[in-house]
$ cat target10.txt   # compact mmCIF, C-alpha atoms and all ligand atoms
# COMPACT_ATOMS: atom_id res chain seq x y z
CA MET A 1 -71.02 155.52 -112.72
CA ARG A 2 -67.68 154.38 -114.11
CA PRO A 3 -64.72 156.15 -112.51
CA GLN A 4 -62.84 158.40 -114.94
CA GLY A 5 -59.46 159.67 -113.81
CA LEU A 6 -57.29 158.85 -110.84
CA PRO A 7 -59.06 161.30 -108.46
CA ASP A 8 -62.35 159.52 -109.25
CA PHE A 9 -60.77 156.16 -108.60
CA ILE A 10 -59.29 157.41 -105.32
CA ARG A 11 -62.76 158.50 -104.25
CA ALA A 12 -64.53 155.35 -105.44
CA VAL A 13 -62.21 152.78 -103.94
CA PRO A 14 -63.15 151.50 -100.45
CA LYS A 15 -60.54 152.48 -97.89
CA ALA A 16 -59.69 151.89 -94.25
CA GLU A 17 -58.22 154.74 -92.22
CA LEU A 18 -55.77 153.50 -89.58
CA HIS A 19 -54.05 156.63 -88.33
CA LEU A 20 -56.53 159.26 -87.24
CA HIS A 21 -56.59 161.20 -83.97
CA ILE A 22 -60.19 162.06 -83.21
CA GLU A 23 -59.06 165.26 -81.46
CA GLY A 24 -57.29 166.15 -84.71
CA THR A 25 -60.60 166.27 -86.56
CA LEU A 26 -61.81 169.29 -84.57
CA GLU A 27 -62.60 171.80 -87.32
CA PRO A 28 -62.38 175.46 -86.23
CA GLU A 29 -66.13 175.98 -86.79
CA LEU A 30 -66.95 173.16 -84.35
CA MET A 31 -64.28 174.48 -81.97
CA PHE A 32 -66.17 177.80 -81.84
CA ARG A 33 -69.54 176.09 -81.47
CA LEU A 34 -68.33 173.98 -78.53
CA ALA A 35 -66.51 176.93 -76.90
CA LYS A 36 -69.79 178.86 -77.00
CA ARG A 37 -71.83 175.93 -75.72
CA ASN A 38 -69.39 175.40 -72.84
CA LYS A 39 -68.94 179.13 -72.16
CA ARG A 40 -65.20 179.01 -72.77
CA LYS A 41 -63.20 181.80 -74.30
CA LEU A 42 -60.88 181.19 -77.25
CA ARG A 43 -57.91 183.45 -77.97
CA PHE A 44 -59.01 183.61 -81.63
CA LYS A 45 -61.79 185.79 -83.03
CA SER A 46 -62.84 183.62 -85.97
CA ALA A 47 -62.39 180.26 -87.66
CA ALA A 48 -60.30 182.00 -90.32
CA GLU A 49 -58.00 183.37 -87.63
CA VAL A 50 -57.64 179.88 -86.14
CA ARG A 51 -56.68 178.48 -89.53
CA LYS A 52 -54.10 181.22 -89.96
CA ALA A 53 -52.43 180.04 -86.76
CA TYR A 54 -51.93 176.58 -88.29
CA ALA A 55 -48.38 177.24 -89.53
CA PHE A 56 -46.22 174.76 -87.68
CA ALA A 57 -42.45 174.66 -87.23
CA GLY A 58 -42.57 170.97 -86.30
CA LEU A 59 -44.42 168.41 -84.20
CA GLN A 60 -44.24 170.30 -80.87
CA SER A 61 -45.61 173.57 -82.21
CA PHE A 62 -48.55 171.61 -83.63
CA LEU A 63 -49.14 169.69 -80.40
CA ASP A 64 -49.27 172.91 -78.37
CA ILE A 65 -52.19 174.20 -80.44
CA TYR A 66 -53.82 170.74 -80.71
CA TYR A 67 -54.07 170.41 -76.91
CA GLU A 68 -55.28 174.00 -76.68
CA GLY A 69 -58.08 173.24 -79.16
CA ALA A 70 -59.02 170.00 -77.40
CA ALA A 71 -59.83 171.99 -74.25
CA VAL A 72 -63.26 172.94 -75.68
CA LEU A 73 -64.25 169.25 -75.39
CA ILE A 74 -65.94 168.89 -72.02
CA GLU A 75 -69.30 167.10 -72.15
CA GLU A 76 -70.16 163.66 -73.56
CA GLU A 77 -72.14 165.40 -76.28
CA ASP A 78 -69.00 167.30 -77.37
CA PHE A 79 -67.13 164.05 -77.97
CA TYR A 80 -70.19 162.69 -79.75
CA ASP A 81 -70.42 165.72 -82.05
CA LEU A 82 -66.69 165.58 -82.77
CA ALA A 83 -66.69 161.90 -83.70
CA ALA A 84 -70.01 162.08 -85.59
CA ALA A 85 -68.60 164.89 -87.76
CA TYR A 86 -65.53 162.78 -88.55
CA PHE A 87 -67.57 159.70 -89.49
CA LYS A 88 -69.75 161.75 -91.82
CA ARG A 89 -66.73 163.38 -93.47
CA ALA A 90 -64.83 160.09 -93.78
CA ALA A 91 -67.84 158.30 -95.27
CA ALA A 92 -67.94 160.99 -97.99
CA ASP A 93 -64.37 159.89 -98.88
CA ASN A 94 -65.54 156.27 -98.98
CA VAL A 95 -63.69 155.29 -95.83
CA ARG A 96 -65.50 152.06 -94.95
CA HIS A 97 -63.57 151.26 -91.78
CA ALA A 98 -61.62 153.46 -89.34
CA GLU A 99 -59.32 152.65 -86.42
CA ILE A 100 -59.33 155.79 -84.37
CA PHE A 101 -56.94 157.11 -81.74
CA PHE A 102 -58.20 159.01 -78.77
CA ASP A 103 -55.98 160.74 -76.18
CA PRO A 104 -57.77 160.30 -72.82
CA GLN A 105 -54.98 161.95 -70.84
CA ALA A 106 -55.51 165.19 -72.78
CA HIS A 107 -58.97 165.28 -71.18
CA THR A 108 -58.67 163.53 -67.81
CA SER A 109 -55.80 165.93 -66.98
CA ARG A 110 -58.39 168.75 -67.32
CA GLY A 111 -60.90 166.99 -65.08
CA VAL A 112 -63.02 165.44 -67.84
CA PRO A 113 -63.88 161.86 -66.82
CA PHE A 114 -62.66 158.98 -68.99
CA ALA A 115 -66.26 157.72 -69.21
CA THR A 116 -67.36 161.05 -70.73
CA VAL A 117 -64.67 160.87 -73.41
CA ILE A 118 -65.17 157.27 -74.47
CA GLY A 119 -68.95 157.39 -73.96
CA GLY A 120 -69.41 160.16 -76.53
CA ILE A 121 -67.03 158.64 -79.07
CA ARG A 122 -68.54 155.18 -78.67
CA ARG A 123 -72.10 156.46 -79.18
CA ALA A 124 -71.06 158.18 -82.43
CA LEU A 125 -69.29 155.01 -83.55
CA VAL A 126 -72.42 152.89 -82.99
CA ASP A 127 -74.56 155.46 -84.83
CA ALA A 128 -72.09 155.59 -87.75
CA GLU A 129 -72.26 151.86 -88.13
CA ALA A 130 -76.08 151.97 -88.17
CA THR A 131 -76.55 155.01 -90.43
CA LEU A 132 -73.43 155.04 -92.63
CA GLY A 133 -72.57 151.34 -92.62
CA MET A 134 -69.07 152.31 -91.59
CA THR A 135 -67.23 150.19 -89.01
CA SER A 136 -64.62 151.41 -86.57
CA ARG A 137 -62.39 150.48 -83.68
CA LEU A 138 -60.92 152.59 -80.88
CA ILE A 139 -57.25 152.77 -79.96
CA LEU A 140 -56.41 154.33 -76.61
CA SER A 141 -53.26 156.33 -77.15
CA PHE A 142 -50.89 157.12 -74.30
CA LEU A 143 -49.19 160.53 -74.25
CA ARG A 144 -45.48 159.79 -74.32
CA HIS A 145 -44.40 163.14 -72.83
CA LEU A 146 -46.04 161.95 -69.57
CA ASP A 147 -44.49 159.17 -67.51
CA GLU A 148 -45.29 155.48 -67.65
CA ALA A 149 -47.13 155.56 -64.31
CA ASP A 150 -49.63 158.02 -65.82
CA ALA A 151 -50.15 155.67 -68.78
CA ALA A 152 -50.61 152.72 -66.39
CA ALA A 153 -53.21 154.66 -64.37
CA THR A 154 -55.01 155.51 -67.63
CA LEU A 155 -55.08 151.83 -68.58
CA ASP A 156 -56.59 151.04 -65.14
CA THR A 157 -59.27 153.68 -65.71
CA ALA A 158 -60.03 152.14 -69.09
CA LEU A 159 -60.57 148.62 -67.77
CA PRO A 160 -64.35 148.94 -67.23
CA PHE A 161 -64.54 149.86 -70.95
CA ARG A 162 -62.23 147.07 -72.12
CA ASP A 163 -64.78 145.74 -74.62
CA TRP A 164 -64.96 149.09 -76.42
CA ILE A 165 -61.20 149.29 -76.93
CA THR A 166 -59.28 147.33 -79.57
CA GLY A 167 -55.77 148.50 -78.87
CA VAL A 168 -53.31 150.92 -77.36
CA GLY A 169 -51.04 153.42 -79.09
CA LEU A 170 -48.33 155.93 -78.24
CA ASP A 171 -48.34 159.53 -79.45
CA SER A 172 -47.41 163.15 -78.61
CA SER A 173 -43.84 164.57 -78.40
CA GLU A 174 -41.53 161.91 -79.79
CA LEU A 175 -37.99 163.18 -79.27
CA GLY A 176 -36.66 162.35 -75.80
CA HIS A 177 -39.47 159.84 -75.19
CA PRO A 178 -38.35 156.50 -76.65
CA PRO A 179 -40.72 153.51 -76.78
CA GLU A 180 -38.75 151.67 -74.09
CA LYS A 181 -40.19 154.11 -71.54
CA PHE A 182 -43.56 152.32 -71.97
CA ARG A 183 -42.40 148.69 -72.08
CA THR A 184 -44.30 147.59 -68.95
CA VAL A 185 -47.64 149.22 -69.70
CA PHE A 186 -47.60 147.84 -73.26
CA ALA A 187 -46.85 144.35 -71.89
CA ARG A 188 -49.87 144.69 -69.62
CA ALA A 189 -52.08 145.91 -72.45
CA ARG A 190 -50.96 142.96 -74.58
CA ALA A 191 -51.77 140.54 -71.74
CA LEU A 192 -55.28 142.03 -71.71
CA GLY A 193 -55.62 141.10 -75.38
CA LEU A 194 -55.23 144.67 -76.65
CA ARG A 195 -53.48 145.22 -79.97
CA CYS A 196 -50.35 147.39 -79.83
CA VAL A 197 -49.26 150.19 -82.17
CA ALA A 198 -46.97 153.18 -81.65
CA HIS A 199 -45.91 156.38 -83.36
CA ALA A 200 -42.22 156.00 -84.20
CA GLY A 201 -39.82 157.53 -86.69
CA GLU A 202 -41.88 160.65 -87.38
CA GLU A 203 -39.33 163.01 -85.83
CA GLY A 204 -37.55 160.34 -83.81
CA PRO A 205 -34.60 158.27 -85.14
CA PRO A 206 -34.71 154.71 -86.55
CA ALA A 207 -33.75 153.45 -83.07
CA TYR A 208 -37.26 154.42 -81.92
CA ILE A 209 -38.75 152.16 -84.61
CA TRP A 210 -36.54 149.30 -83.43
CA GLY A 211 -37.71 150.11 -79.91
CA ALA A 212 -41.38 150.01 -80.91
CA LEU A 213 -40.82 146.60 -82.56
CA ASP A 214 -38.66 145.00 -79.87
CA ALA A 215 -39.71 146.64 -76.58
CA LEU A 216 -43.39 147.30 -77.32
CA ARG A 217 -43.91 144.43 -79.81
CA VAL A 218 -46.21 146.57 -81.93
CA GLU A 219 -48.26 145.28 -84.85
CA ARG A 220 -48.10 148.57 -86.77
CA ILE A 221 -45.76 151.54 -86.84
CA ASP A 222 -47.49 154.91 -87.04
CA HIS A 223 -45.52 157.10 -89.48
CA GLY A 224 -42.16 155.30 -89.58
CA ASN A 225 -40.77 157.60 -92.28
CA ARG A 226 -37.29 157.59 -90.80
CA CYS A 227 -36.88 153.81 -91.28
CA LEU A 228 -35.36 154.78 -94.63
CA GLU A 229 -32.17 155.87 -92.84
CA ASP A 230 -31.49 152.25 -91.76
CA ALA A 231 -31.29 149.59 -94.48
CA ALA A 232 -31.37 146.70 -91.98
CA LEU A 233 -34.54 148.13 -90.46
CA VAL A 234 -36.21 148.41 -93.86
CA ASP A 235 -35.28 144.77 -94.55
CA ARG A 236 -36.87 143.74 -91.26
CA LEU A 237 -40.06 145.76 -91.88
CA VAL A 238 -40.42 144.26 -95.36
CA ALA A 239 -39.69 140.71 -94.16
CA ARG A 240 -42.23 140.97 -91.32
CA ARG A 241 -44.81 142.76 -93.48
CA MET A 242 -45.00 145.39 -90.77
CA PRO A 243 -47.56 148.05 -91.68
CA LEU A 244 -46.53 151.70 -91.68
CA THR A 245 -49.37 154.20 -91.38
CA LEU A 246 -48.08 157.18 -93.34
CA CYS A 247 -49.68 160.63 -93.22
CA PRO A 248 -48.46 162.72 -96.17
CA LEU A 249 -50.17 166.07 -95.52
CA SER A 250 -49.18 165.83 -91.85
CA ASN A 251 -45.58 165.23 -92.92
CA LEU A 252 -45.69 168.32 -95.12
CA LYS A 253 -47.28 170.56 -92.45
CA LEU A 254 -44.92 169.34 -89.70
CA LYS A 255 -41.87 169.63 -91.95
CA VAL A 256 -41.07 165.92 -91.88
CA VAL A 257 -40.73 166.29 -95.68
CA PRO A 258 -39.64 169.51 -97.47
CA ASP A 259 -42.31 169.24 -100.19
CA MET A 260 -44.86 166.70 -101.38
CA ALA A 261 -42.90 165.88 -104.54
CA ALA A 262 -40.17 164.59 -102.20
CA HIS A 263 -42.50 162.40 -100.13
CA PRO A 264 -40.91 158.93 -99.92
CA LEU A 265 -44.20 157.01 -100.07
CA PRO A 266 -44.02 155.93 -103.75
CA GLY A 267 -40.49 154.61 -103.24
CA MET A 268 -41.49 152.84 -100.03
CA LEU A 269 -44.34 151.12 -101.84
CA ALA A 270 -41.99 150.05 -104.63
CA ARG A 271 -39.52 148.74 -102.03
CA GLY A 272 -42.20 146.35 -100.75
CA LEU A 273 -43.05 148.12 -97.50
CA LEU A 274 -46.66 147.66 -96.37
CA VAL A 275 -47.48 151.37 -96.42
CA THR A 276 -50.92 152.95 -95.99
CA ILE A 277 -52.22 156.50 -96.48
CA ASN A 278 -53.98 158.29 -93.61
CA SER A 279 -54.92 161.77 -92.51
CA ASP A 280 -53.55 161.96 -88.89
CA ASP A 281 -55.11 165.30 -87.82
CA PRO A 282 -57.03 166.44 -90.90
CA ALA A 283 -58.58 169.58 -89.37
CA TYR A 284 -55.06 170.87 -88.74
CA PHE A 285 -53.23 169.60 -91.80
CA GLY A 286 -55.55 170.67 -94.60
CA GLY A 287 -57.13 167.47 -95.87
CA TYR A 288 -58.92 164.22 -95.19
CA ILE A 289 -57.87 160.86 -96.61
CA ASN A 290 -58.65 161.42 -100.29
CA GLU A 291 -56.74 164.71 -100.25
CA ASN A 292 -53.77 162.79 -98.86
CA PHE A 293 -53.99 160.25 -101.69
CA LYS A 294 -54.29 163.02 -104.29
CA ALA A 295 -51.38 165.01 -102.84
CA VAL A 296 -49.04 162.01 -103.13
CA ALA A 297 -50.39 161.05 -106.57
CA ALA A 298 -49.79 164.55 -108.03
CA GLY A 299 -47.22 164.62 -110.82
CA GLU A 300 -48.09 161.01 -111.68
CA ARG A 301 -46.20 159.72 -108.67
CA LEU A 302 -48.87 157.05 -108.09
CA SER A 303 -50.53 154.84 -110.72
CA ALA A 304 -54.05 153.40 -110.47
CA ASN A 305 -52.40 150.10 -109.53
CA ASP A 306 -50.54 151.83 -106.69
CA VAL A 307 -53.79 153.32 -105.40
CA ARG A 308 -55.41 149.89 -105.57
CA GLN A 309 -52.46 148.40 -103.64
CA LEU A 310 -52.61 151.16 -101.01
CA ALA A 311 -56.34 150.60 -100.52
CA LYS A 312 -55.75 146.86 -100.12
CA ASN A 313 -52.90 147.53 -97.70
CA SER A 314 -55.24 149.61 -95.55
CA PHE A 315 -57.49 146.59 -94.96
CA THR A 316 -54.60 144.10 -94.71
CA ALA A 317 -53.05 146.28 -92.00
CA SER A 318 -56.36 146.71 -90.14
CA PHE A 319 -57.53 144.80 -87.08
CA LEU A 320 -60.54 143.45 -88.98
CA SER A 321 -60.94 139.67 -89.16
CA ALA A 322 -59.25 137.85 -92.05
CA ALA A 323 -62.70 137.21 -93.57
CA ASP A 324 -63.64 140.92 -93.45
CA GLN A 325 -60.28 141.90 -94.90
CA ALA A 326 -60.78 139.45 -97.76
CA ARG A 327 -64.26 140.83 -98.48
CA TRP A 328 -62.96 144.40 -98.72
CA ILE A 329 -60.01 143.37 -100.88
CA ALA A 330 -62.41 141.64 -103.27
CA ALA A 331 -64.58 144.79 -103.30
CA ILE A 332 -61.51 146.88 -104.20
CA ASP A 333 -60.77 144.56 -107.13
CA ARG A 334 -64.37 144.90 -108.33
CA VAL A 335 -64.16 148.72 -108.29
CA ALA A 336 -60.78 148.59 -110.03
CA ALA A 337 -62.17 146.32 -112.75
N1 LIG A 401 -50.88 163.54 -81.74
C1 LIG A 401 -51.71 163.93 -82.71
N2 LIG A 401 -51.09 163.89 -83.89
C2 LIG A 401 -49.83 163.44 -83.66
C3 LIG A 401 -48.70 163.18 -84.47
N3 LIG A 401 -48.71 163.35 -85.80
N4 LIG A 401 -47.57 162.75 -83.88
C4 LIG A 401 -47.53 162.58 -82.56
N5 LIG A 401 -48.55 162.80 -81.77
C5 LIG A 401 -49.70 163.23 -82.31
ZN ZN A 402 -50.51 160.59 -85.43
$ encode --input "target10.txt" --output "structure tokens" --more "lines below"
Ligand code: ADE
Ligand code: ZN
Amino acid sequence: MRPQGLPDFIRAVPKAELHLHIEGTLEPELMFRLAKRNKRKLRFKSAAEVRKAYAFAGLQSFLDIYYEGAAVLIEEEDFYDLAAAYFKRAAADNVRHAEIFFDPQAHTSRGVPFATVIGGIRRALVDAEATLGMTSRLILSFLRHLDEADAAATLDTALPFRDWITGVGLDSSELGHPPEKFRTVFARARALGLRCVAHAGEEGPPAYIWGALDALRVERIDHGNRCLEDAALVDRLVARRMPLTLCPLSNLKLKVVPDMAAHPLPGMLARGLLVTINSDDPAYFGGYINENFKAVAAGERLSANDVRQLAKNSFTASFLSAADQARWIAAIDRVAA
């Protein structure tokens, strides 16, 4: 079938998703199912009531409810079901490759073993590759509100699973927790051959993006919206072709932008920044990747060429091999033609 309008093209074009927290894909219906299975009580009566609670004042008010929701994840099967549901949903949006964050400390701090967490996610990942033809990678994300020693201990715990992990990231409460706090653990991760990324410039200032580049030597910045306040930083990001994994619906829900018509993504793309579109925590922010594309594109703020460029950027910014990236970029051009 030949794609008709822009929404059809957005759906049809192959995409990589590079900024997705697996715990952020916990839909309220699954939350209830797992709470029942694990005999845990929720403070909400229904999925509708849960969704009503998703009105956030900013990042911290979201994180409080995100960690609360994640507490229903206890058994390996729970992590499997969570990840399997994401893969199925993402495949429907024609996501062909995903690089997925998981937050082990959100679970090990509750007594859930690291092996349980990664075992369930890994099994779903292998199944998704076999049944959906969708590839993925895992990025172990450190919680930045905890101290560096906790991150270092988490990295130690992860070592037996080194082959299942592609990289490390940094997420959770940004303000007051600059990247420099994690300089040593990132250096160790890099020495192990792990790729490095970090959330920076979502709520935090441009200095945190500089810190992620210089102290953590990251290969991608997650979010990075606030780079726009620092012209020298934008120049550096453009010159180094540093990917920024933007999350438009997240930005709207967490009040990083006042409304979608004011989202800076089209201007960032025009400025030559290597921006990508992602869904962050889609169960909490009201849409998976295609909804994020459509939200930015509304009001003709993105052309078909822009969408094609964004899809290409998603593979260029991925940790796939150069040959795999080139294959997907050629596939995008075929769909566009
Ligand atoms: N953890 C899950 N989603 C996050 C976000 N958008 N920023 C920081 N930490 C997160
Ligand atoms: Zn995020």
$ closest_residue --input "target10.txt" --among "A:Lys294, A:Arg271, A:His145, A:Arg220" --to "ligand LIG 401 (chain A)" --atoms "all atoms listed in the file"
A:His145
$ closest_residue --input "target10.txt" --among "A:Phe293, A:Leu159, A:Leu82, A:Leu73" --to "Lys39 of chain A" --atoms "only C-alpha atoms"
A:Leu73
$ residues_around --input "target10.txt" --residues "segment 192-207 of chain A" --least-positions-apart "3" --cutoff "8 Å" --atoms "all atoms listed in the file" --output "PyMOL selection string"
chain A and resi 59+165-171+174-175+179+186+188-189+210-212+216-227+229-230+233+256
$ atom_distance --input "target10.txt" --atom1 "atom CA of Thr245 of chain A" --atom2 "atom CA of Thr276 of chain A"
5.0 Å
$ residues_around --input "target10.txt" --residues "Ala57 of chain A" --least-positions-apart "4" --cutoff "9 Å" --atoms "all atoms listed in the file" --output "PyMOL selection string"
chain A and resi 61-62+253-255
$ atom_distance --input "target10.txt" --atom1 "atom CA of Phe56 of chain A" --atom2 "atom CA of Ala283 of chain A"
13.5 Å
$ closest_residue --input "target10.txt" --among "A:Leu132, A:Leu140, A:Val117, A:Ala311" --to "ligand LIG 401 (chain A)" --atoms "all atoms listed in the file"
A:Leu140
$ atom_distance --input "target10.txt" --atom1 "atom CA of Arg40 of chain A" --atom2 "atom CA of Leu143 of chain A"
24.5 Å
$ closest_atom_pairs --input "target10.txt" --of "chain A" --to "ligand LIG 401 (chain A)" --cutoff "6 Å" --atoms "all atoms listed in the file" --output "Markdown table"
| residue | atom | partner | partner_atom | distance |
| --- | --- | --- | --- | --- |
| A:His21 | CA | A:LIG401 | C1 | 5.7 |
| A:Asp171 | CA | A:LIG401 | N5 | 4.0 |
| A:Ser172 | CA | A:LIG401 | N5 | 3.4 |
| A:Ser173 | CA | A:LIG401 | C4 | 5.9 |
| A:Asp280 | CA | A:LIG401 | N2 | 5.9 |
| A:Asp281 | CA | A:LIG401 | N2 | 5.8 |
$ residues_around --input "target10.txt" --residues "segment 316-325 of chain A" --least-positions-apart "3" --cutoff "6 Å" --atoms "all atoms listed in the file" --output "ChimeraX atom specification"
/A:243,313,328
$ closest_residue --input "target10.txt" --among "A:Ile139, A:Ala336, A:Ala151, A:Val296" --to "ligand ZN 402 (chain A)" --atoms "all atoms listed in the file"
A:Ile139
$ closest_residue --input "target10.txt" --among "A:Asp103, A:Asp127, A:Asp333, A:Asp64" --to "ligand ZN 402 (chain A)" --atoms "only C-alpha atoms and all ligand atoms"
A:Asp103
$ closest_residue --input "target10.txt" --among "A:Tyr67, A:Phe102, A:Phe114, A:Phe161" --to "ligand ZN 402 (chain A)" --atoms "all atoms listed in the file"
A:Phe102
$ residues_around --input "target10.txt" --residues "Ile74 of chain A" --least-positions-apart "6" --cutoff "12 Å" --atoms "all atoms listed in the file" --output "list in words"
Met31, Leu34, Ala35, Lys36, Arg37, Asn38, Lys39, Arg40, Tyr80, Asp81, Leu82, Pro104, Ala106, His107, Thr108, Ser109, Arg110, Gly111, Val112, Pro113, Phe114, Ala115, Thr116, Val117, Ile118 and Gly120 of chain A
$ axis_aligned_box --input "target10.txt" --around "segment 304-321 of chain A" --padding-each-side "4 Å" --output "AutoDock Vina command-line options"
--center_x -55.7 --center_y 146.5 --center_z -98.8 --size_x 18.4 --size_y 21.7 --size_z 31.4
$ residues_around --input "target10.txt" --residues "Ile10 of chain A" --least-positions-apart "6" --cutoff "12 Å" --atoms "only C-alpha atoms" --output "ChimeraX atom specification"
/A:3-4,92-95,277,289-297,302-311,332,335-336
$ decode --input "target10.txt" --residues "segment 172-179 of chain A" --atoms "all heavy atoms" --output "CSV table (one decimal), in the first residue's frame"
chain,number,residue,atom,x,y,z
A,172,SER,N,16.9,9.6,36.4
A,172,SER,CA,16.2,10.0,37.6
A,172,SER,C,16.4,11.5,37.9
A,172,SER,O,16.8,12.3,36.9
A,172,SER,CB,16.7,9.2,38.8
A,172,SER,OG,15.8,9.4,39.9
A,173,SER,N,16.3,12.0,39.1
A,173,SER,CA,16.2,13.4,39.4
A,173,SER,C,17.5,14.1,39.0
A,173,SER,O,18.6,13.9,39.5
A,173,SER,CB,16.0,13.6,41.0
A,173,SER,OG,15.2,12.6,41.5
A,174,GLU,N,17.3,15.1,38.1
A,174,GLU,CA,18.5,15.7,37.5
A,174,GLU,C,19.1,16.8,38.3
A,174,GLU,O,20.3,16.8,38.6
A,174,GLU,CB,18.2,16.2,36.1
A,174,GLU,CG,19.4,16.7,35.4
A,174,GLU,CD,19.2,17.1,33.9
A,174,GLU,OE1,18.0,17.2,33.5
A,174,GLU,OE2,20.2,17.4,33.2
A,175,LEU,N,18.2,17.7,38.8
A,175,LEU,CA,18.7,18.9,39.5
A,175,LEU,C,19.4,18.5,40.8
A,175,LEU,O,18.9,17.8,41.6
A,175,LEU,CB,17.6,19.9,39.8
A,175,LEU,CG,17.1,20.7,38.5
A,175,LEU,CD1,15.8,21.4,38.8
A,175,LEU,CD2,18.1,21.6,38.0
A,176,GLY,N,20.6,19.1,41.0
A,176,GLY,CA,21.4,18.7,42.2
A,176,GLY,C,22.3,17.5,42.0
A,176,GLY,O,23.0,17.1,43.0
A,177,HIS,N,22.2,16.8,40.9
A,177,HIS,CA,22.9,15.6,40.6
A,177,HIS,C,23.7,15.7,39.3
A,177,HIS,O,23.3,15.0,38.3
A,177,HIS,CB,22.0,14.4,40.7
A,177,HIS,CG,21.3,14.3,42.0
A,177,HIS,ND1,21.9,13.9,43.2
A,177,HIS,CD2,20.0,14.6,42.4
A,177,HIS,CE1,21.1,14.0,44.2
A,177,HIS,NE2,19.9,14.4,43.7
A,178,PRO,N,24.7,16.5,39.2
A,178,PRO,CA,25.4,16.7,38.0
A,178,PRO,C,26.2,15.5,37.5
A,178,PRO,O,26.5,14.6,38.4
A,178,PRO,CB,26.4,17.9,38.3
A,178,PRO,CG,26.6,17.8,39.8
A,178,PRO,CD,25.3,17.3,40.4
A,179,PRO,N,26.5,15.4,36.2
A,179,PRO,CA,27.1,14.2,35.7
A,179,PRO,C,28.5,13.9,36.4
A,179,PRO,O,28.9,12.8,36.5
A,179,PRO,CB,27.4,14.6,34.2
A,179,PRO,CG,26.3,15.5,33.9
A,179,PRO,CD,26.0,16.3,35.2
